Structures are given as structure tokens and as C-alpha cells.
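Engineer: Quick one: the structure is below, questions incoming.
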Amino acid sequence: MSIADNLRQIEKRIEKAAVKAGLEPASVRLVVVSKMQQPSAVDDAARAGQRLFGENYVQELVSKVSHVEEQVTWHFIGSLQSNKVRQIAGLVEMIHSVDRLSLAREIDRQWQKLGRICNVLIQVNIAGEITKSGSSAGELLELVRNVSLLPNVRIKGLMTMPPFFDDPEGARPYFRELRNLSRMIADEPIANVEMNELSMGMSGDFEVAIEEGATLVRVGSAIFGARQAS
């Protein structure tokens with residue numbers, strides 16, 4: 001099947017999962033993960049109607065921005081080192097992976113130079129996996145409060161990556177916990193903080209994530225197939 005065909009299939013599955021959960025399908029946005037894909041593949045997806053893409057690596061993002069011909073929007077979804085923030089400043093609409101105050105401060109500093117505001121999600125490592133980035137649930141509220149004070153950063157919600165399960169139902173408790181954490185923060189009177197976005201769910205479990213409240217689902221392999229080195 002072509003990229004366009006795969007996109008249509010994923011869009012139909014998103015719509016079905018949203019309807020099942022009693023949600024408006026338009027409330028869920030598809031972030032097509034384009035890491036390790038050629039710029040031409042991004043262009044193919046864009047010509048099929050997809051406009052929002054997510055990249056995991058700074059160098060690859062910078063290269064794709066200059067080589068993709070179609071007009072698209074970029075999110076940065078991977079682990080981000082503070083010393084590389086400068087390279088993506090102004091290139092992305094949102095950063096999903098803010099997990100520490102020092103990173104948020106560098107984002108604030110770099111976007112201040114541009115006179116712009118960067119939308120971010122706070123990444124939460126709900127399972128406490130040492131191989132994954134993210135704030136702990138216990139430290140989340142303090143981190144949100146501190147980041148909210150930065151003038152060139154706006155918190156729009158939360159992101160998580162649950163452990164891998166063969167059965168997507170295994171991820172459901174982690175998605176549900178992120179939703180609960182989002183509601184907890186929303187109930188706090190913190191200026192400059194919104195909890196409108198939940199970035200959770202990937203190719204193998206995005207339907208369960210939508211049922212638990214995901215507004216951004218990150219899907220790559222189900223659209224592009226096997227990754228290719230660029």
C-alpha cells in the first residue's frame with residue numbers, strides 16, 4: 001500500500017477510536033513520525049493531505065526542514081539536549097519532550113532571541129523506566145510551576161511513552177494516569193499553563209490512547225513502513 005493509502009487507514013482508525021470514546025474525531029491530531037525517512041516520503045505524505053510531522057533527532061530535523069518541499073508543520077518529539085536547542089529554535093511549533101527545568105530555561109532563552117513563544121509539553125515517565133526520559137509523577141507539579149514562570153515558554157499539556165506491550169491494553173493504565181495527572185494540574189491555579197494536549201499513543205497502541213484522552217498520537221511505521229536511513 002502507498003503512503004497515501006496507509007494515511008487513510010490510520011485516519012479511519014483514529015476516527016473510529018474517537019467515536020468509540022465519545023469524542024469528536026477532529027479533537028485528535030495525527031503526528032506523523034518521520035524519523036529515518038527520506039524527505040521525499042514526507043513530501044508524499046504532505047501531498048496526501050498530512051501537514052503535521054514529528055522528528056526525534058535535531059540534526060535530522062534541521063536537514064529535513066531544508067529539504068522537504070511541501071509546506072508542513074514540525075513538532076520535536078525526541079529527547080532533547082539543552083546544547084542543541086539553539087539549532088531548532090523557531091523551526092518547530094511544539095516540543096513534546098520537556099522533562100527538566102534546565103531544558104525549559106534554554107528553550108526560553110533561545111525563543112526569546114526570536115521574540116517568539118515556544119509551545120511545550122511536559123514529558124512524564126509514569127513507569128519510572130531508567131531507559132526513558134521524563135519527569136516523575138511526584139515531581140511533575142513543581143516542574144510545571146517552575147516552567148510556567150518562563151516568559152517565552154507555554155505549557156500546553158503532557159506527553160508520555162509507556163512500556164512496550166504486545167497487547168496494547170497493557171498501556172492503558174499509563175495513558176489513564178497521564179490523563180489523571182493532566183486533570184490534577186488543570187485544577188491548580190497556575191498562570192500560563194494549559195492542559196489541552198495529551199501526546200500519547202504510537203503505531204501499536206494509539207487507539208487505546210485515544211480512548212483514554214489522547215489529543216496527539218505519534219504514528220510512523222504504520223504509515224511509512226520500515227525505516228530507511230537518510
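We label chains A, B, ... in the order they appear in the C-alpha cells, count residues from 1 in each chain, and number ligands from 1 in the order shown.
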If you take only C-alpha atoms and a cut-off of 12 Å, which residues of region 14-43 of chain A touch region 186-202 of chain A, and what are their nearest atom pairs and distances in Å to one decimal, in chain and number order, as a tab-separated table?
Structural biologist:
```
residue	atom	partner	partner_atom	distance
A:Ile14	CA	A:Gly201	CA	11.0
A:Ser27	CA	A:Glu197	CA	9.6
A:Val28	CA	A:Glu197	CA	9.3
A:Arg29	CA	A:Ser199	CA	9.4
A:Leu30	CA	A:Met202	CA	9.9
A:Val31	CA	A:Ser199	CA	9.3
A:Val32	CA	A:Met202	CA	9.7
A:Val33	CA	A:Met202	CA	9.2
```
Engineer: Include N, CA, C and O atoms and write out the residues we just selected as a PDB file, in the first residue's frame.
Structural biologist:
```pdb
ATOM      1  N   ILE A  14      -8.316   6.329  13.637  1.00  0.00           N
ATOM      2  CA  ILE A  14      -8.398   7.421  14.606  1.00  0.00           C
ATOM      3  C   ILE A  14      -9.847   7.851  14.778  1.00  0.00           C
ATOM      4  O   ILE A  14     -10.339   8.020  15.906  1.00  0.00           O
ATOM      5  N   SER A  27     -10.787  16.293  17.362  1.00  0.00           N
ATOM      6  CA  SER A  27     -10.061  16.635  18.589  1.00  0.00           C
ATOM      7  C   SER A  27      -8.751  15.862  18.712  1.00  0.00           C
ATOM      8  O   SER A  27      -7.953  16.134  19.613  1.00  0.00           O
ATOM      9  N   VAL A  28      -8.539  14.899  17.823  1.00  0.00           N
ATOM     10  CA  VAL A  28      -7.315  14.094  17.844  1.00  0.00           C
ATOM     11  C   VAL A  28      -6.491  14.421  16.602  1.00  0.00           C
ATOM     12  O   VAL A  28      -6.977  14.285  15.475  1.00  0.00           O
ATOM     13  N   ARG A  29      -5.252  14.863  16.823  1.00  0.00           N
ATOM     14  CA  ARG A  29      -4.377  15.183  15.699  1.00  0.00           C
ATOM     15  C   ARG A  29      -3.331  14.084  15.516  1.00  0.00           C
ATOM     16  O   ARG A  29      -2.762  13.578  16.488  1.00  0.00           O
ATOM     17  N   LEU A  30      -3.086  13.764  14.266  1.00  0.00           N
ATOM     18  CA  LEU A  30      -2.077  12.770  13.909  1.00  0.00           C
ATOM     19  C   LEU A  30      -0.734  13.466  13.695  1.00  0.00           C
ATOM     20  O   LEU A  30      -0.615  14.354  12.851  1.00  0.00           O
ATOM     21  N   VAL A  31       0.256  13.047  14.481  1.00  0.00           N
ATOM     22  CA  VAL A  31       1.635  13.494  14.276  1.00  0.00           C
ATOM     23  C   VAL A  31       2.353  12.358  13.553  1.00  0.00           C
ATOM     24  O   VAL A  31       2.590  11.300  14.141  1.00  0.00           O
ATOM     25  N   VAL A  32       2.669  12.555  12.301  1.00  0.00           N
ATOM     26  CA  VAL A  32       3.351  11.511  11.541  1.00  0.00           C
ATOM     27  C   VAL A  32       4.842  11.558  11.864  1.00  0.00           C
ATOM     28  O   VAL A  32       5.508  12.568  11.629  1.00  0.00           O
ATOM     29  N   VAL A  33       5.341  10.462  12.429  1.00  0.00           N
ATOM     30  CA  VAL A  33       6.744  10.390  12.850  1.00  0.00           C
ATOM     31  C   VAL A  33       7.595  10.036  11.636  1.00  0.00           C
ATOM     32  O   VAL A  33       7.491   8.942  11.079  1.00  0.00           O
TER      33      VAL A  33
END
```
Engineer: Give me, as a PyMOL selection string, all polymer residues having an atom no more than 8 Å from Arg179 (chain A), counting only C-alpha atoms and skipping those fewer than 3 positions away in the same chain.
Structural biologist: chain A and resi 175-176+182-183+198+212-213
Engineer: Could you pull out the strand (DSSP E or B) residues of region 9-114 of chain A, going by DSSP on the backbone, and write them as a ChimeraX atom specification?
Structural biologist: /A:29-33,52-55,73-76,94-98
Engineer: Selection from above, all heavy atoms, as a short mmCIF file (atom, residue, chain, number, x, y, z; two decimals), in the first residue's frame, can you write it?
Structural biologist:
```cif
data_model
loop_
_atom_site.label_atom_id
_atom_site.label_comp_id
_atom_site.auth_asym_id
_atom_site.auth_seq_id
_atom_site.Cartn_x
_atom_site.Cartn_y
_atom_site.Cartn_z
N ARG A 29 -5.25 14.86 16.82
CA ARG A 29 -4.38 15.18 15.70
C ARG A 29 -3.33 14.08 15.52
O ARG A 29 -2.76 13.58 16.49
CB ARG A 29 -3.67 16.52 15.92
CG ARG A 29 -4.59 17.72 15.79
CD ARG A 29 -3.79 19.01 15.73
NE ARG A 29 -3.18 19.34 17.00
CZ ARG A 29 -2.18 20.22 17.14
NH1 ARG A 29 -1.67 20.82 16.08
NH2 ARG A 29 -1.70 20.48 18.34
N LEU A 30 -3.09 13.76 14.27
CA LEU A 30 -2.08 12.77 13.91
C LEU A 30 -0.73 13.47 13.69
O LEU A 30 -0.62 14.35 12.85
CB LEU A 30 -2.50 12.04 12.64
CG LEU A 30 -1.47 11.12 11.98
CD1 LEU A 30 -1.07 9.99 12.92
CD2 LEU A 30 -2.00 10.58 10.66
N VAL A 31 0.26 13.05 14.48
CA VAL A 31 1.63 13.49 14.28
C VAL A 31 2.35 12.36 13.55
O VAL A 31 2.59 11.30 14.14
CB VAL A 31 2.35 13.81 15.61
CG1 VAL A 31 3.76 14.31 15.34
CG2 VAL A 31 1.56 14.82 16.43
N VAL A 32 2.67 12.55 12.30
CA VAL A 32 3.35 11.51 11.54
C VAL A 32 4.84 11.56 11.86
O VAL A 32 5.51 12.57 11.63
CB VAL A 32 3.11 11.68 10.03
CG1 VAL A 32 4.02 10.74 9.24
CG2 VAL A 32 1.66 11.38 9.70
N VAL A 33 5.34 10.46 12.43
CA VAL A 33 6.74 10.39 12.85
C VAL A 33 7.59 10.04 11.64
O VAL A 33 7.49 8.94 11.08
CB VAL A 33 6.92 9.35 13.97
CG1 VAL A 33 8.38 9.28 14.40
CG2 VAL A 33 6.02 9.67 15.15
N LEU A 52 1.28 17.67 9.66
CA LEU A 52 1.98 17.71 10.95
C LEU A 52 2.91 16.51 11.06
O LEU A 52 2.47 15.36 10.97
CB LEU A 52 0.96 17.71 12.09
CG LEU A 52 1.50 17.69 13.52
CD1 LEU A 52 2.48 18.84 13.75
CD2 LEU A 52 0.35 17.76 14.51
N PHE A 53 4.19 16.80 11.27
CA PHE A 53 5.21 15.75 11.33
C PHE A 53 6.04 15.91 12.60
O PHE A 53 6.27 17.03 13.08
CB PHE A 53 6.11 15.81 10.10
CG PHE A 53 5.39 15.47 8.82
CD1 PHE A 53 4.68 16.46 8.12
CD2 PHE A 53 5.39 14.18 8.33
CE1 PHE A 53 4.00 16.15 6.96
CE2 PHE A 53 4.71 13.86 7.16
CZ PHE A 53 4.00 14.84 6.47
N GLY A 54 6.51 14.79 13.12
CA GLY A 54 7.33 14.79 14.32
C GLY A 54 8.70 14.20 14.06
O GLY A 54 8.82 13.15 13.41
N GLU A 55 9.73 14.85 14.56
CA GLU A 55 11.10 14.36 14.42
C GLU A 55 11.72 14.14 15.79
O GLU A 55 11.43 14.86 16.75
CB GLU A 55 11.95 15.36 13.62
CG GLU A 55 11.72 15.31 12.12
CD GLU A 55 12.29 14.05 11.47
OE1 GLU A 55 13.26 13.47 12.01
OE2 GLU A 55 11.75 13.63 10.42
N THR A 73 4.23 21.42 9.06
CA THR A 73 4.49 21.88 10.43
C THR A 73 5.27 20.79 11.16
O THR A 73 4.96 19.60 11.03
CB THR A 73 3.17 22.16 11.17
OG1 THR A 73 2.48 23.21 10.48
CG2 THR A 73 3.42 22.59 12.61
N TRP A 74 6.25 21.22 11.95
CA TRP A 74 7.11 20.27 12.65
C TRP A 74 6.91 20.34 14.15
O TRP A 74 6.80 21.42 14.73
CB TRP A 74 8.58 20.57 12.34
CG TRP A 74 8.94 20.44 10.90
CD1 TRP A 74 9.07 21.44 9.99
CD2 TRP A 74 9.23 19.23 10.19
NE1 TRP A 74 9.41 20.94 8.76
CE2 TRP A 74 9.51 19.59 8.84
CE3 TRP A 74 9.27 17.88 10.55
CZ2 TRP A 74 9.83 18.64 7.87
CZ3 TRP A 74 9.59 16.94 9.58
CH2 TRP A 74 9.86 17.32 8.26
N HIS A 75 6.87 19.17 14.78
CA HIS A 75 6.98 19.04 16.23
C HIS A 75 8.26 18.28 16.53
O HIS A 75 8.64 17.37 15.78
CB HIS A 75 5.79 18.25 16.81
CG HIS A 75 4.52 19.02 16.88
ND1 HIS A 75 3.43 18.59 17.60
CD2 HIS A 75 4.16 20.22 16.34
CE1 HIS A 75 2.44 19.47 17.49
NE2 HIS A 75 2.87 20.46 16.72
N PHE A 76 8.92 18.65 17.62
CA PHE A 76 10.07 17.86 18.07
C PHE A 76 9.59 16.94 19.18
O PHE A 76 9.06 17.39 20.19
CB PHE A 76 11.22 18.74 18.57
CG PHE A 76 12.49 17.96 18.76
CD1 PHE A 76 13.32 17.70 17.68
CD2 PHE A 76 12.82 17.43 20.00
CE1 PHE A 76 14.48 16.94 17.84
CE2 PHE A 76 13.97 16.67 20.17
CZ PHE A 76 14.81 16.43 19.08
N MET A 94 5.99 22.93 18.29
CA MET A 94 5.85 22.42 19.65
C MET A 94 6.97 21.43 19.96
O MET A 94 7.43 20.71 19.07
CB MET A 94 4.49 21.73 19.82
CG MET A 94 4.21 21.17 21.21
SD MET A 94 2.55 20.43 21.34
CE MET A 94 1.54 21.92 21.35
N ILE A 95 7.41 21.41 21.21
CA ILE A 95 8.36 20.43 21.71
C ILE A 95 7.62 19.55 22.72
O ILE A 95 7.09 20.04 23.71
CB ILE A 95 9.58 21.11 22.37
CG1 ILE A 95 10.34 21.93 21.32
CG2 ILE A 95 10.50 20.06 23.00
CD1 ILE A 95 11.47 22.77 21.90
N HIS A 96 7.60 18.24 22.47
CA HIS A 96 6.83 17.32 23.30
C HIS A 96 7.61 16.82 24.52
O HIS A 96 7.01 16.16 25.38
CB HIS A 96 6.43 16.07 22.49
CG HIS A 96 5.41 16.31 21.43
ND1 HIS A 96 4.38 15.43 21.19
CD2 HIS A 96 5.25 17.31 20.54
CE1 HIS A 96 3.64 15.87 20.19
NE2 HIS A 96 4.16 17.02 19.77
N SER A 97 8.90 17.05 24.56
CA SER A 97 9.77 16.27 25.45
C SER A 97 10.50 17.10 26.51
O SER A 97 11.65 16.81 26.84
CB SER A 97 10.80 15.52 24.60
OG SER A 97 11.40 16.40 23.65
N VAL A 98 9.84 18.10 27.05
CA VAL A 98 10.46 18.90 28.12
C VAL A 98 10.33 18.15 29.43
O VAL A 98 9.23 17.90 29.91
CB VAL A 98 9.82 20.29 28.21
CG1 VAL A 98 10.37 21.06 29.40
CG2 VAL A 98 10.05 21.07 26.92
#
```
Engineer: Per residue of region 8-83 of chain A within 12 Å of region 136-159 of chain A, what are the shortest atom pair and its distance in Å to one decimal, counting only C-alpha atoms, with rows by chain and residue number, as a tab-separated table?
Structural biologist:
```
residue	atom	partner	partner_atom	distance
A:Phe76	CA	A:Met159	CA	11.9
A:Ile77	CA	A:Met159	CA	9.2
A:Gly78	CA	A:Met159	CA	11.0
A:Ser79	CA	A:Met159	CA	11.9
```
Engineer: What is the distance between CA of Gln81 (chain A) and CA of Glu106 (chain A), in Å to one decimal?
Structural biologist: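 Straight-line distance from CA of Gln81 (chain A) to CA of Glu106 (chain A) works out to 9.6 Å.
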